[in-house]
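*Asks:* One structure, as structure tokens, below. Some questions next.
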There are 2 protein chains.
Amino acid sequence: MLSERQKMILRMIVEDYVQSAEPVGSRSISKHVDMGLSAATIRNEMADLEEQGYLEQPHTSAGRVPSQQGYRYYVDHLLQLGERLKPEEISKMKVLFSERVDEIEKVAQQTALYLSTFTQYTAVVLGPQVYDNTLRSLQVVPITEHSAVLLAVTSTGQVQNKTVSFPDDISLAQVEQLVRLLNEKLVGIPIYQMRSRIFEEISREVARQMKDFEEAQRILDRLLSAIVAEKDGKVFLGGTTNMLLQPEFHNVEKAKSVLSWLEHHDLVSKALLQESMTSAPLSVRIGGENELSMLQNCSLVTATYRIGEDPVGVIGIIGPTRMEYGRVIRVLDYFSKEMTQLVTKWYSG
Amino acid sequence: MLSERQKMILRMIVEDYVQSAEPVGSRSISKHVDMGLSAATIRNEMADLEEQGYLEQPHTSAGRVPSQQGYRYYVDHLLQLGERLKPEEISKMKVLFSERVDEIEKVAQQTALYLSTFTQYTAVVLGPQVYDNTLRSLQVVPITEHSAVLLAVTSTGQVQNKTVSFPDDISLAQVEQLVRLLNEKLVGIPIYQMRSRIFEEISREVARQMKDFEEAQRILDRLLSAIVAEKDGKVFLGGTTNMLLQPEFHNVEKAKSVLSWLEHHDLVSKALLQESMTSAPLSVRIGGENELSMLQNCSLVTATYRIGEDPVGVIGIIGPTRMEYGRVIRVLDYFSKEMTQLVTKWYSG
DNA sequence: GATTAGCACTCAACGATCAAGAGTGCTAAC
DNA sequence: GTTAGCACTCTTGATCGTTGAGTGCTAATC
């Protein structure tokens, strides 16, 4: 249990260290305004805090640095979220969101960019999940005699397109007929149910209409894969190179391990989902709380955005554990609300 | 004018330096097999080469390093392109291309990935340009009473989609009617001509049918922007963090300047296009030959891929000036041919 | 009993100095 | 024309004080 004074000191150390990236000494805390204590007293308290695991010392005779547990305590108990963003910042952000952007991917991309420029960290936006959405319409646009673009539009307005080619003995007309049938049967069905539906209800009917059962199966498979292929929400990054601004990543090895991870969108997507599509509207993972080894020195703060009540996507910030948690949380909170408003208006309005 | 011996020495220095990243001394050249000369002789020749600007010395008593001019000479005259890729490499690549991938964006993304893993440099793929293509079909899929997804499919099978919302006093039926009209008038027209066409031919007719001229204009504008919005080909990157493998980018500052540039897809796209949509099938830009300051230490090698004879996209490799030009050129050559074959078969077959 | 001044101690960071080694340029001999 | 030899240059790495920030402890003070 921490005394009020210890909490105050811990908070000061965290905030000082976040700014300076240098171990914090007792003197600099003591000199702080509204702290009427001598360095010696602070030293005693610091020794206590270290003993309890909230602080660490890089080496004897260096100042103290918050431990993972220290950050955790800071985030859970010392953060004053009452503080709002500064008005001038809010108005800056408002401008960004008032720009008319009318394609969901652009919005996601832009949001990632803004998040990163606002925080000076790396931002991630996970585009709306189409997996849970229902199919609104299936369209086929012929290109040549034996290939066509298949378009699947979901209830959230996401479009997936895929070029499919089909064998010589299947005519375009047959494919169009098939697509008509699929439309009849599948519109309104959640995409994740689609595969089972096709096999249960549709295969038989298709086979009856198309005579050659095996051929029908093959075509169906191809169409199906076009629809459900992109079940992973797309990942949009902003300010990846901001990572390099942080002194903890001046070591190229460390930088590379994080940046490489960011290149693997599937992994990033997984990490974000795992974390955030749960219940809490906002999640903070500090250092080792991330399972991935390349994120041991990083913190990942994420928030969901929703359509109505259903979470459909995630926005997040990745930075060093030495992160401005307060600011990041406030910015994410703001952006997630804006995003929620935007997509809600957009897709259900 | 370089003697045969000087050429040989220059080639050895370039190739040695490319491998080692260390200045090359006279001794190591002299010890090379099939080089029956002493270090002293090499030194003389090296001094000559330096005087003529092909080599540089980081400092007295260091070995020599190729200058930009040296690399240029190497690429233009000393590269033995007769050498083919090793059979085992070719077969590896063949495997990659034989995988069925059936969406152009995936192909581009994958190609970028393969290029980068094959070369250990950073790869860029510029997706097929839709700007010169003609419109094949315009589709509208309603989402709510006052918003819809507009789909434009081009002659190369590229799909652009955009969510448009329209004011209360315009009904969905009217928009659908408008889209029918646009389809009639615009299919087969190159996209770059679209804006003028709309204003010349269509506006009047639309106004006649829709009564309210101004309103019609507004809707038209919105539809139009949906169609021609993405005139920039999309940029796909692979192995951006490979940049950090190179010793010349162990300095975080330099790394950051290049990586940040790579984040700005519009700039990358511009650089690639400027370079490569011209006549030559393959282009090599060494160091300062790039205008951009962040690319002064980089070389950019690009190749186009085509549909039939028309170049529609660019693939490229970005690495340090100290680059394995021979290998990179061979790999790019191979990939561009595969890409050409792929998209040609795909879109015009 | 809590606080603080004082002091000895520790350790990273920095700079100076030095030796080793790689590489050059020049000269004279082959 | 080529090469051996040698003096010279310059980087690299190691060693070694010195400095300074910061600590922990003790004893004095409030």
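Chain identifiers are assigned as A, B, and so on, following the order in which chains appear in the structure tokens; residues are numbered from 1 within each chain, and ligands are numbered from 1 in order of appearance.
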Determine which residues of segment 97-160 of chain B receive a DSSP assignment of alpha helix (DSSP H), computed from the backbone, and state them as a PyMOL selection string.

*Replies:* chain B and resi 97-98+104-119

*Asks:* Kindly provide, as a list in words, the residues of chain A having any atom no farther than 12 Å from an atom of chain C, counting only C-alpha atoms (C1' of nucleotides).

*Replies:*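 Residues of chain A within 12 Å of chain C, counting only C-alpha atoms (C1' of nucleotides): Gly36, Leu37, Ser38, Ala39, Ala40, Thr41, Ile42, Arg43, Asn44, Pro58, His59, Thr60, Ser61, Ala62 and Gly63 of chain A.
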
*Asks:* Write the residues of the preceding selection, restricted to C-alpha atoms, as a PDB file, in the first residue's frame.

*Replies:*
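Final output, saved to part04.pdb:
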```
ATOM      1  CA  GLY A  36       8.433  20.865   0.365  1.00  0.00           C
ATOM      2  CA  LEU A  37      10.756  18.003   1.086  1.00  0.00           C
ATOM      3  CA  SER A  38      14.491  17.631   0.960  1.00  0.00           C
ATOM      4  CA  ALA A  39      16.298  15.310  -1.361  1.00  0.00           C
ATOM      5  CA  ALA A  40      17.196  13.030   1.532  1.00  0.00           C
ATOM      6  CA  THR A  41      13.564  12.431   2.407  1.00  0.00           C
ATOM      7  CA  ILE A  42      12.745  11.721  -1.172  1.00  0.00           C
ATOM      8  CA  ARG A  43      15.625   9.272  -1.262  1.00  0.00           C
ATOM      9  CA  ASN A  44      14.122   7.344   1.610  1.00  0.00           C
ATOM     10  CA  PRO A  58      19.698   1.045 -13.894  1.00  0.00           C
ATOM     11  CA  HIS A  59      22.767   0.862 -11.641  1.00  0.00           C
ATOM     12  CA  THR A  60      23.737   2.082  -8.207  1.00  0.00           C
ATOM     13  CA  SER A  61      24.270   5.782  -8.223  1.00  0.00           C
ATOM     14  CA  ALA A  62      21.859   6.371 -11.029  1.00  0.00           C
ATOM     15  CA  GLY A  63      18.424   7.855 -10.551  1.00  0.00           C
TER      16      GLY A  63
END
```

*Asks:* Please produce, as JSON lines, a per-residue contact table for chain A versus chain B (criterion: any atom at most 6 Å away, only C-alpha atoms considered), showing the nearest atom pair and its distance in Å to one decimal, sorted by chain then residue number.

*Replies:*
```
{"residue": "A:Asp102", "atom": "CA", "partner": "B:Thr163", "partner_atom": "CA", "distance": 5.8}
{"residue": "A:Glu103", "atom": "CA", "partner": "B:Lys162", "partner_atom": "CA", "distance": 5.3}
{"residue": "A:Lys162", "atom": "CA", "partner": "B:Glu103", "partner_atom": "CA", "distance": 5.2}
{"residue": "A:Thr163", "atom": "CA", "partner": "B:Glu103", "partner_atom": "CA", "distance": 5.6}
{"residue": "A:Thr241", "atom": "CA", "partner": "B:Ser260", "partner_atom": "CA", "distance": 5.9}
{"residue": "A:Ser260", "atom": "CA", "partner": "B:Thr241", "partner_atom": "CA", "distance": 5.9}
```

*Asks:* Go through D:DT3, D:DG20, D:DT15, D:DC10 one by one, measure the shortest atom-to-atom distance of each to chain A using only C-alpha atoms (C1' of nucleotides), and give the residue with the smallest value.

*Replies:*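 Distance minimum relative to chain A lands on D:DG20.
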
*Asks:* Expressed in Å to a single decimal, how great is the separation between atom CA of Gln274 of chain B and atom CA of Arg330 of chain B?

*Replies:*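 Taking atom CA of Gln274 of chain B and atom CA of Arg330 of chain B, their separation equals 21.9 Å.
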
*Asks:* For chain D, which residues have at least one atom within 12 Å of chain B, if we go by only C-alpha atoms (C1' of nucleotides)? Write them as a PyMOL selection string, please.

*Replies:* chain D and resi 1-5+8-11

*Asks:* Among the residues of segment 36-104 of chain B, find those DSSP assigns to strand (DSSP E) from the backbone and print them as a list in words.

*Replies:*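 Matching residues for strand (DSSP E) in segment 36-104 of chain B are Leu55, Glu56, Val65 and Pro66 of chain B.
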
*Asks:* To one decimal place, how far is atom CA of Pro190 of chain A from atom CA of Asn133 of chain A in Å?

*Replies:*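 Between atom CA of Pro190 of chain A and atom CA of Asn133 of chain A the gap is 5.3 Å.
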
*Asks:* I want to know what sits within 12 Å of Met12 of chain A, based on only C-alpha atoms (C1' of nucleotides), with residues of the same chain fewer than 4 positions away left out; could you give that as an MDAnalysis selection string?

*Replies:* chainID A and resid 5:8 16:20 24:26 28:35 42 46 64:66 70:71 74 78:79
